[in-house]
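Single-structure report; data block below.
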Amino acid sequence: MSTTPTTPRTSPEGGDKMATGDFAGDNRSAATLRDSVGDYVGRLRGGDMGSLPAILGLVVLLVVFGLASDEFFSLLNMANLAVQAGPICLLAMGLVFVLLLGEIDLSAGVAGGVAATVAAQFIVDRGLPWYVAVLAAIAVGALIGLIIGELVSRLGIPSFVVTLAFFLGLQGVILYMIGEGGSVRVADPVIRGLTIENVPVAAGWVAAVLLTLAFAAGSLLRQRRQVANNLQHDPMSVVLIKISVVAVVILGLTAMLNINRSLNPVFPIAGIPYVIPVVVVLLILWTFVLNRTAFGRHLYAVGGNAEAARRAGINVLRMRVYAFVICSSMAAISGIVQSSYTGKVSTASGGGNVLLYAVGAAVIGGTSLFGGKGRALDAVLGGIVIATIANGLGLLNQASFINYLVTGGVLLLAASVDAISRRRRSAAGI
Amino acid sequence: MSTEPLLQLRGVNKSFGNAHVLHDVDFSVYPGQVTALVGDNGAGKSTLVKVVAGIYGRDNGDYIYDGKQVEVHGPRDVAELGVEVVYQDLALCDNLDIVENMFLGRETRKGLVLDETEMESRARETLASLSVRTVKSVRQSVASLSGGQRQTVAIAKAVLWNSRIVLLDEPTAALGVAQTRQVLDLVRRLADRGLGVVLISHNMGDVFEVADRITALYLGRVAADVATSDVNNSQVVELITAGRSGSLGISDNPATATV
Ligand SMILES: Nc1ncnc2c1ncn2[C@@H]1O[C@H](COP(=O)(O)OP(=O)(O)O)[C@@H](O)[C@H]1O
Ligand SMILES: [Mg+2]
């Protein structure tokens, strides 16, 4: 490359054929929509299910609950469902980072509980403004993640052991902070407002339209750049379909949430609950980090093949620590949103099935428990599925044992789909 | 030889504890030539490659690059000199595509953001310049590639960085006939572009086909460093198995002198 050939020895064949055009013949794009569909079906067959299980599952759940309960499809319940999904999606988004590396954080739920307690006490006991309380809570989450990450990566303790210890220990911390059987009220108008107040209808529409336009413009510009530079790209039809789907989802949800859903004609309730923009902003942030930055690329690399990442000069230990820090920080945000919804933090905050819900959400969305595969969007899609189960079963007034059984079963089902699709992927080489 | 070596190790010794693995090894890599490094299992080939790669330090001996003595303290120093190693286990991430693997750890960015345009174009150029034509798309995930294609990607990754020397540790060991063919062609093309190539192989057919020089290791000593045209197959086999062949090789039997 930098030196000139000195004693070239031509091999029997091939050595003299330095045709630069040979590789130029590779596929830059699936030429047509039909090819793209073919590719997609091929990937599905090969076990790369993506978000399909989440979407199919959601459709089934909507049908079942819609038939079983008159209330389910009411506007009020749909808005409630959206709010309930919020903390699950946020926690699952954090867990995606840890799962990407093939690790697990069993303590994320209670870490969120500790962080929410810190925030609530800062406001109630010390009269600090909400943003100080929120920042402090996120810092507490980050610190917990830092300690877990260091223990896992420096000492090499399996993450499920470290985080199981934290799961127990942090519950003790919450008990110590709040006192046996106690609780702390969450009444700050901003924090409480996250889940009980709505974005003004007009502002909601403006934001939804801008977001849709931004997505469309981004997709089209990207496609144009790829075509201009002769890079691999999706055919225009696929780009347009993606834009349409996103537009329908964003504008459809906005329309639904902007209708008055109050049962009382005197007090109309309309608008997007504030928690949704929080989820959307974090979804965009983490999608950007994972897909567009070297940091995200390195996370995938460590999850796919840690030894290869190490040889490529990536600091594998540090990436692991970062993943746990991000996970626990997101858990803090999730904990605060949860406390906003319930209006208090208690000694049970973040315990129970909170963590399993979030792990289930990430896995149902398409994130692999084996590492190397996952997106922030998975967490949101799966979070909606899990929230739908919880919401629907709640409406049906089932005994709580059913709730546990169903949720456990769903998590197991998702993990099985993950394991089977992984096997098929390695067989099909996708 | 007509050309000066690009890289030279002189009088290198390497021990692990009291296991003396490399004895006064002289090893040269010439630009534009394929040097085959042959030797029985345990002869010290991989150890020598790792010394060159900077993964192992030397006990003593000189590391001479481009005629100048250099200090190398680790793999990064060696990579900076333009020396790349393709390890036998390849070290590719199955969940990433070809472009992502080729640039792993050395991504080009524009500010914070990855510069995919630049990376995809350069990956494609590099593969094209190596006349790789068996890969369907550079955005294909590496998991979907055959063994030969994976080897190709690993080699392309090594030459992407204007490297001047590429060391390949048994690149064809796990490949079928057609894929071995592809990789050997690629090895030859690298040398024809002026790179210094080191090929570790147990297959004498491969060695005689692509190598310009053969360095034979026997129990950690260099038994011979010869032009391929000056030896025949059975001589090399003797050098590998006995350390000597006629006038070539180690005069006293080192087997008794070593471990
Ligand atoms: N890290 C190590 N520690 C101790 N001994 C080693 C180490 N690496 C290699 N050896 C020894 O050095 C000798 C040469 O090994 P190696 O370089 O792998 O040979 P080859 O690649 O030619 O088969 C062997 O006897 C092996 O046991
Ligand atoms: Mg070896």
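Labels used: A, B, ... for chains in the order of the structure tokens, numbers from 1 for residues in each chain, and numbers from 1 for ligands as shown.
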Notebook entry, point to check: Which residues sit within 8 Å of ligand 1, counting only C-alpha atoms and all ligand atoms, listed as an MDAnalysis selection string?
Noted result: chainID B and resid 15:17 19:22 38:49 217 219:220
Selected residues written out with C-alpha atoms, as a tab-separated table (two decimals), in the first residue's frame:
chain	number	residue	atom	x	y	z
B	15	SER	CA	11.44	-17.31	27.97
B	16	PHE	CA	8.34	-18.01	29.96
B	17	GLY	CA	9.64	-18.62	33.45
B	19	ALA	CA	10.90	-22.41	29.59
B	20	HIS	CA	13.24	-20.91	27.01
B	21	VAL	CA	11.00	-20.75	23.95
B	22	LEU	CA	12.91	-18.61	21.43
B	38	VAL	CA	7.02	-22.96	9.34
B	39	GLY	CA	7.77	-25.33	12.17
B	40	ASP	CA	6.32	-28.17	14.15
B	41	ASN	CA	3.72	-27.63	16.85
B	42	GLY	CA	5.40	-25.95	19.78
B	43	ALA	CA	8.34	-24.73	17.69
B	44	GLY	CA	7.57	-21.16	18.74
B	45	LYS	CA	5.82	-19.72	15.69
B	46	SER	CA	2.94	-18.15	17.55
B	47	THR	CA	5.30	-16.88	20.22
B	48	LEU	CA	7.46	-15.24	17.58
B	49	VAL	CA	4.40	-13.63	15.98
B	217	LEU	CA	11.77	-22.83	13.28
B	219	LEU	CA	12.57	-26.02	18.90
B	220	GLY	CA	12.71	-22.25	19.10
Next item on the list: Using only C-alpha atoms, determine which residues lie at most 10 Å from Pro189 (chain A), disregarding the query and same-chain residues fewer than 5 positions distant; provide the list as a count of residues only.
Entry: 5
Next item on the list: May I have all residues of region 58-221 of chain B that DSSP, computed from the backbone, assigns to alpha helix (DSSP H), given as a VMD selection string?
Entry: chain B and resid 75 to 81 98 to 102 116 to 129 147 to 159 177 to 192 204 to 210
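Of the residues in region 42-171 of chain B, those that DSSP places in strand (DSSP E or B) on the basis of the backbone are B:Asn60, B:Gly61, B:Asp62, B:Tyr63, B:Ile64, B:Tyr65, B:Lys68, B:Gln69, B:Val83, B:Glu84, B:Val85, B:Val86, B:Asp97, B:Arg109, B:Lys110, B:Val113, B:Leu114, B:Ser141, B:Ile165, B:Val166, B:Leu167, B:Leu168, B:Asp169.
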I need the chosen residues saved as a tab-separated table (two decimals), in the first residue's frame, with N, CA and C atoms.
chain	number	residue	atom	x	y	z
B	60	ASN	N	15.83	-10.28	25.24
B	60	ASN	CA	16.86	-9.43	24.64
B	60	ASN	C	16.71	-9.52	23.13
B	61	GLY	N	17.61	-8.85	22.42
B	61	GLY	CA	17.52	-8.85	20.96
B	61	GLY	C	16.96	-7.54	20.45
B	62	ASP	N	17.21	-7.31	19.16
B	62	ASP	CA	16.85	-6.02	18.56
B	62	ASP	C	15.59	-6.12	17.72
B	63	TYR	N	14.82	-5.04	17.71
B	63	TYR	CA	13.63	-4.90	16.88
B	63	TYR	C	13.94	-3.77	15.92
B	64	ILE	N	14.16	-4.12	14.68
B	64	ILE	CA	14.61	-3.11	13.71
B	64	ILE	C	13.53	-2.93	12.65
B	65	TYR	N	13.06	-1.70	12.53
B	65	TYR	CA	11.99	-1.42	11.58
B	65	TYR	C	12.49	-0.37	10.60
B	68	LYS	N	15.82	1.12	11.20
B	68	LYS	CA	16.10	1.80	12.47
B	68	LYS	C	15.67	0.92	13.64
B	69	GLN	N	16.50	0.95	14.66
B	69	GLN	CA	16.13	0.21	15.86
B	69	GLN	C	14.99	0.94	16.57
B	83	VAL	N	2.13	-2.47	11.49
B	83	VAL	CA	2.18	-3.93	11.53
B	83	VAL	C	0.85	-4.44	12.08
B	84	GLU	N	0.17	-5.29	11.32
B	84	GLU	CA	-1.12	-5.81	11.74
B	84	GLU	C	-1.06	-7.32	11.79
B	85	VAL	N	-1.80	-7.90	12.74
B	85	VAL	CA	-1.80	-9.35	12.89
B	85	VAL	C	-3.21	-9.88	12.67
B	86	VAL	N	-3.33	-10.91	11.85
B	86	VAL	CA	-4.61	-11.60	11.71
B	86	VAL	C	-4.49	-12.89	12.52
B	97	ASP	N	-21.72	-5.64	11.22
B	97	ASP	CA	-21.55	-5.92	9.80
B	97	ASP	C	-20.07	-5.76	9.40
B	109	ARG	N	-15.15	9.58	12.61
B	109	ARG	CA	-16.33	10.33	13.03
B	109	ARG	C	-16.26	11.75	12.49
B	110	LYS	N	-17.45	12.33	12.48
B	110	LYS	CA	-17.56	13.77	12.23
B	110	LYS	C	-18.08	14.34	13.54
B	113	VAL	N	-20.47	12.17	15.87
B	113	VAL	CA	-21.25	11.18	15.13
B	113	VAL	C	-20.35	10.35	14.22
B	114	LEU	N	-20.65	9.07	14.12
B	114	LEU	CA	-19.91	8.18	13.23
B	114	LEU	C	-20.09	8.63	11.79
B	141	SER	N	-24.10	-8.85	7.97
B	141	SER	CA	-23.50	-9.13	9.26
B	141	SER	C	-22.46	-10.24	9.10
B	165	ILE	N	3.03	-4.26	7.04
B	165	ILE	CA	3.32	-5.67	7.30
B	165	ILE	C	2.06	-6.34	7.84
B	166	VAL	N	1.73	-7.48	7.31
B	166	VAL	CA	0.60	-8.24	7.83
B	166	VAL	C	1.08	-9.64	8.18
B	167	LEU	N	0.81	-10.06	9.42
B	167	LEU	CA	1.16	-11.41	9.84
B	167	LEU	C	-0.12	-12.23	9.95
B	168	LEU	N	-0.13	-13.41	9.32
B	168	LEU	CA	-1.33	-14.24	9.34
B	168	LEU	C	-1.01	-15.56	10.02
B	169	ASP	N	-1.69	-15.84	11.12
B	169	ASP	CA	-1.44	-17.08	11.85
B	169	ASP	C	-2.40	-18.16	11.36
Next item on the list: Have a look at CA of Ala348 (chain A) and CA of Gln121 (chain A) and let me know their distance in Å, one decimal.
Entry: 15.8 Å
Next item on the list: Using CA of Leu251 (chain A) and CA of Asp378 (chain A) as the two end points, give the distance in Å to one decimal.
Entry: 20.3 Å
Next item on the list: Choose the residue, out of B:Val183, B:Leu195, B:Val25, B:Ala156, that has the smallest atom-to-atom separation from chain A; count only C-alpha atoms.
Entry: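 Answer, going by the shortest atom-to-atom distance: B:Leu195.
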